[in-house]
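I have placed the structure first, in the form of structure tokens, so that the comments after it can refer back to it.
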Amino acid sequence: MGVFTFDDEFVSTVAPAKLYKALAKDADEIAPKVIKEAQGVEIIEGNGGPGTIKKISVLEDGKVDYVLHKLDAVDEANFGYNYSLVGGPGLHESLEKVTFETVIVAGSDGGSIVKITVKYHTKGDAALSDAVRDETKTKGTGLIKAIEGYVLANPNY
């Protein structure tokens, strides 16, 4: 298995505590409201804490697919959360899993910086294609922007 690691950042005008709440705690409820392809989230195993596995269903190319999402760690004090995509037809066939290590830190002017380390674990000796990496990054950035937009549009959130 190959492991390919990339670091990324997303800058937001939303304060760290509020953005963390929306992304780490409430995303299951917010995402279907703001992303038309999101069909829903179902807990398959666990109680919502680390080790919990969720089935995230999305509509792509006219059919519903899903990916299995495993919550690996939560660090509320430091606005950190780690999770992995571990299976399902929505996970590219070349991948064993994709792990995301995320921390939200204070940015300028009261906003936030979402710092993400993404590790792609490929099957066997498969290389990571740019297309798979770009698609994952696009979807992740889209999710963050959509949830940020929800928070900004709902000042009482």
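For the structure tokens, the naming scheme is as follows: chains receive sequential letters (A, B, ...) according to their order of presentation, residues are indexed from 1 within each chain, and ligands are indexed from 1 in presentation order.
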
Practice task
Give the helix (DSSP H, G or I) residues of chain A, as DSSP finds them on the backbone, and put them as a PyMOL selection string.
Solution key: chain A and resi 16-25+27-34+76-78+108-110+130-153

Handout entry: Secondary structure check, strand (DSSP E) residues of range 42-151 of chain A, as a PyMOL selection string
Key = chain A and resi 42-45+53-60+63-75+80-87+95-106+112-122

Problem - Within 12 Å of Gly80 in chain A using only C-alpha atoms, minus same-chain residues under 3 positions, as a PyMOL selection string - result: chain A and resi 16-17+19-21+23-25+71-77+83+100-105+113-117

Exercise for the section: Please provide the set of residues having any atom within 12 Å of Glu60 in chain A, restricted to only C-alpha atoms, with same-chain residues fewer than 6 positions apart removed, written as a ChimeraX atom specification. Expected result: /A:35-39,66-67,89-90

Would you save the residues from that selection as a PDB file, in the first residue's frame, using C-alpha atoms?
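Written out: result.pdb:
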```pdb
ATOM      1  CA  ILE A  35     -25.499  20.465  -0.945  1.00  0.00           C
ATOM      2  CA  LYS A  36     -28.136  19.255  -3.384  1.00  0.00           C
ATOM      3  CA  GLU A  37     -26.285  15.965  -4.028  1.00  0.00           C
ATOM      4  CA  ALA A  38     -26.212  15.061  -0.305  1.00  0.00           C
ATOM      5  CA  GLN A  39     -28.954  12.524   0.344  1.00  0.00           C
ATOM      6  CA  TYR A  66     -22.357   6.191  -0.683  1.00  0.00           C
ATOM      7  CA  VAL A  67     -19.073   6.301   1.144  1.00  0.00           C
ATOM      8  CA  PRO A  89     -18.820   2.603  -4.031  1.00  0.00           C
ATOM      9  CA  GLY A  90     -18.112   6.342  -3.627  1.00  0.00           C
TER      10      GLY A  90
END
```

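Take CA of Thr52 in chain A and CA of Thr99 in chain A: the distance between them is 14.4 Å.
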
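Among the candidates A:Ser108, A:Asp130, A:Glu135, A:Ala15, the one nearest to Leu91 in chain A when counting only C-alpha atoms is A:Glu135.
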
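Comparing A:Val86, A:Val3, A:Val34, A:Ala22 by their smallest distance to Gly51 in chain A, the closest is A:Val86 (using only C-alpha atoms).
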
Practice task
May I have the residues within 12 Å of Asp125 in chain A as number ranges by chain, using only C-alpha atoms and disregarding those fewer than 6 positions away in the same chain?
Solution key: A: 1-4, 94-96

Could you turn the residues from that selection into a file that holds N, CA, C and O atoms, as a compact mmCIF listing (two decimals), in the first residue's frame?
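That gives us result-v3.txt:
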```
# COMPACT_ATOMS: atom_id res chain seq x y z
N MET A 1 0.85 -1.18 0.00
CA MET A 1 0.00 0.00 0.00
C MET A 1 0.89 1.23 0.00
O MET A 1 1.83 1.34 0.76
N GLY A 2 0.54 2.17 -0.88
CA GLY A 2 1.24 3.45 -0.91
C GLY A 2 0.48 4.48 -0.10
O GLY A 2 -0.74 4.40 0.00
N VAL A 3 1.21 5.41 0.48
CA VAL A 3 0.58 6.50 1.22
C VAL A 3 1.09 7.81 0.64
O VAL A 3 2.30 8.04 0.56
N PHE A 4 0.15 8.64 0.20
CA PHE A 4 0.46 9.92 -0.42
C PHE A 4 -0.15 11.01 0.45
O PHE A 4 -1.36 11.01 0.68
N SER A 94 -9.09 2.56 -6.59
CA SER A 94 -7.64 2.47 -6.35
C SER A 94 -7.26 2.72 -4.89
O SER A 94 -6.11 2.53 -4.51
N LEU A 95 -8.26 3.13 -4.08
CA LEU A 95 -7.96 3.54 -2.70
C LEU A 95 -8.41 2.52 -1.67
O LEU A 95 -9.51 1.99 -1.74
N GLU A 96 -7.56 2.30 -0.70
CA GLU A 96 -7.91 1.51 0.47
C GLU A 96 -8.72 2.39 1.43
O GLU A 96 -9.74 2.00 1.97
```

Completion exercise
From the list A:Val64, A:Ala127, A:Val58, A:Ala106, the nearest residue to Lys139 in chain A using only C-alpha atoms is A:Val58

Problem - All residues 9 Å or closer to Val98 in chain A, only C-alpha atoms, same chain fewer than 6 positions away omitted, as an MDAnalysis selection string - result: chainID A and resid 83:86 91 118:122

Keeping only N, CA, C and O atoms, take the residues you just selected and write them out as a short mmCIF file (atom, residue, chain, number, x, y, z; two decimals), in the first residue's frame.
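Saved to result.cif:
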```cif
data_model
loop_
_atom_site.label_atom_id
_atom_site.label_comp_id
_atom_site.auth_asym_id
_atom_site.auth_seq_id
_atom_site.Cartn_x
_atom_site.Cartn_y
_atom_site.Cartn_z
N TYR A 83 -10.92 11.98 10.56
CA TYR A 83 -11.83 10.95 10.07
C TYR A 83 -11.22 10.30 8.83
O TYR A 83 -10.25 10.81 8.25
N SER A 84 -11.79 9.16 8.44
CA SER A 84 -11.33 8.44 7.27
C SER A 84 -12.51 8.03 6.41
O SER A 84 -13.58 7.71 6.93
N LEU A 85 -12.29 8.02 5.12
CA LEU A 85 -13.22 7.40 4.19
C LEU A 85 -12.71 5.98 4.00
O LEU A 85 -11.57 5.79 3.56
N VAL A 86 -13.52 4.99 4.38
CA VAL A 86 -13.01 3.62 4.50
C VAL A 86 -13.70 2.61 3.58
O VAL A 86 -13.34 1.43 3.61
N LEU A 91 -15.96 5.52 -2.85
CA LEU A 91 -14.50 5.58 -2.65
C LEU A 91 -13.85 4.99 -3.91
O LEU A 91 -14.18 3.89 -4.32
N VAL A 118 -4.25 15.41 4.37
CA VAL A 118 -4.97 14.32 3.72
C VAL A 118 -3.95 13.24 3.34
O VAL A 118 -2.93 13.54 2.71
N LYS A 119 -4.26 12.00 3.74
CA LYS A 119 -3.41 10.87 3.39
C LYS A 119 -4.22 9.87 2.57
O LYS A 119 -5.22 9.33 3.04
N TYR A 120 -3.77 9.66 1.35
CA TYR A 120 -4.40 8.70 0.46
C TYR A 120 -3.66 7.38 0.59
O TYR A 120 -2.46 7.31 0.33
N HIS A 121 -4.36 6.34 0.98
CA HIS A 121 -3.79 5.00 1.11
C HIS A 121 -4.26 4.19 -0.09
O HIS A 121 -5.43 3.81 -0.16
N THR A 122 -3.35 3.95 -1.04
CA THR A 122 -3.73 3.23 -2.24
C THR A 122 -3.61 1.72 -2.03
O THR A 122 -2.86 1.26 -1.17
#
```

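Proximity of A:Ser129, A:Asn82, A:Ser57, A:Asn154 to Ala31 in chain A, computed with only C-alpha atoms, is greatest for A:Ser57.
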
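With only C-alpha atoms as the basis for measurement, A:Glu29 is the residue among A:Glu148, A:Asp109, A:Glu9, A:Glu29 that approaches Glu42 in chain A most closely.
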
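The two atoms in question, CA of Gly107 in chain A and CA of Val11 in chain A, are spaced 7.4 Å apart.
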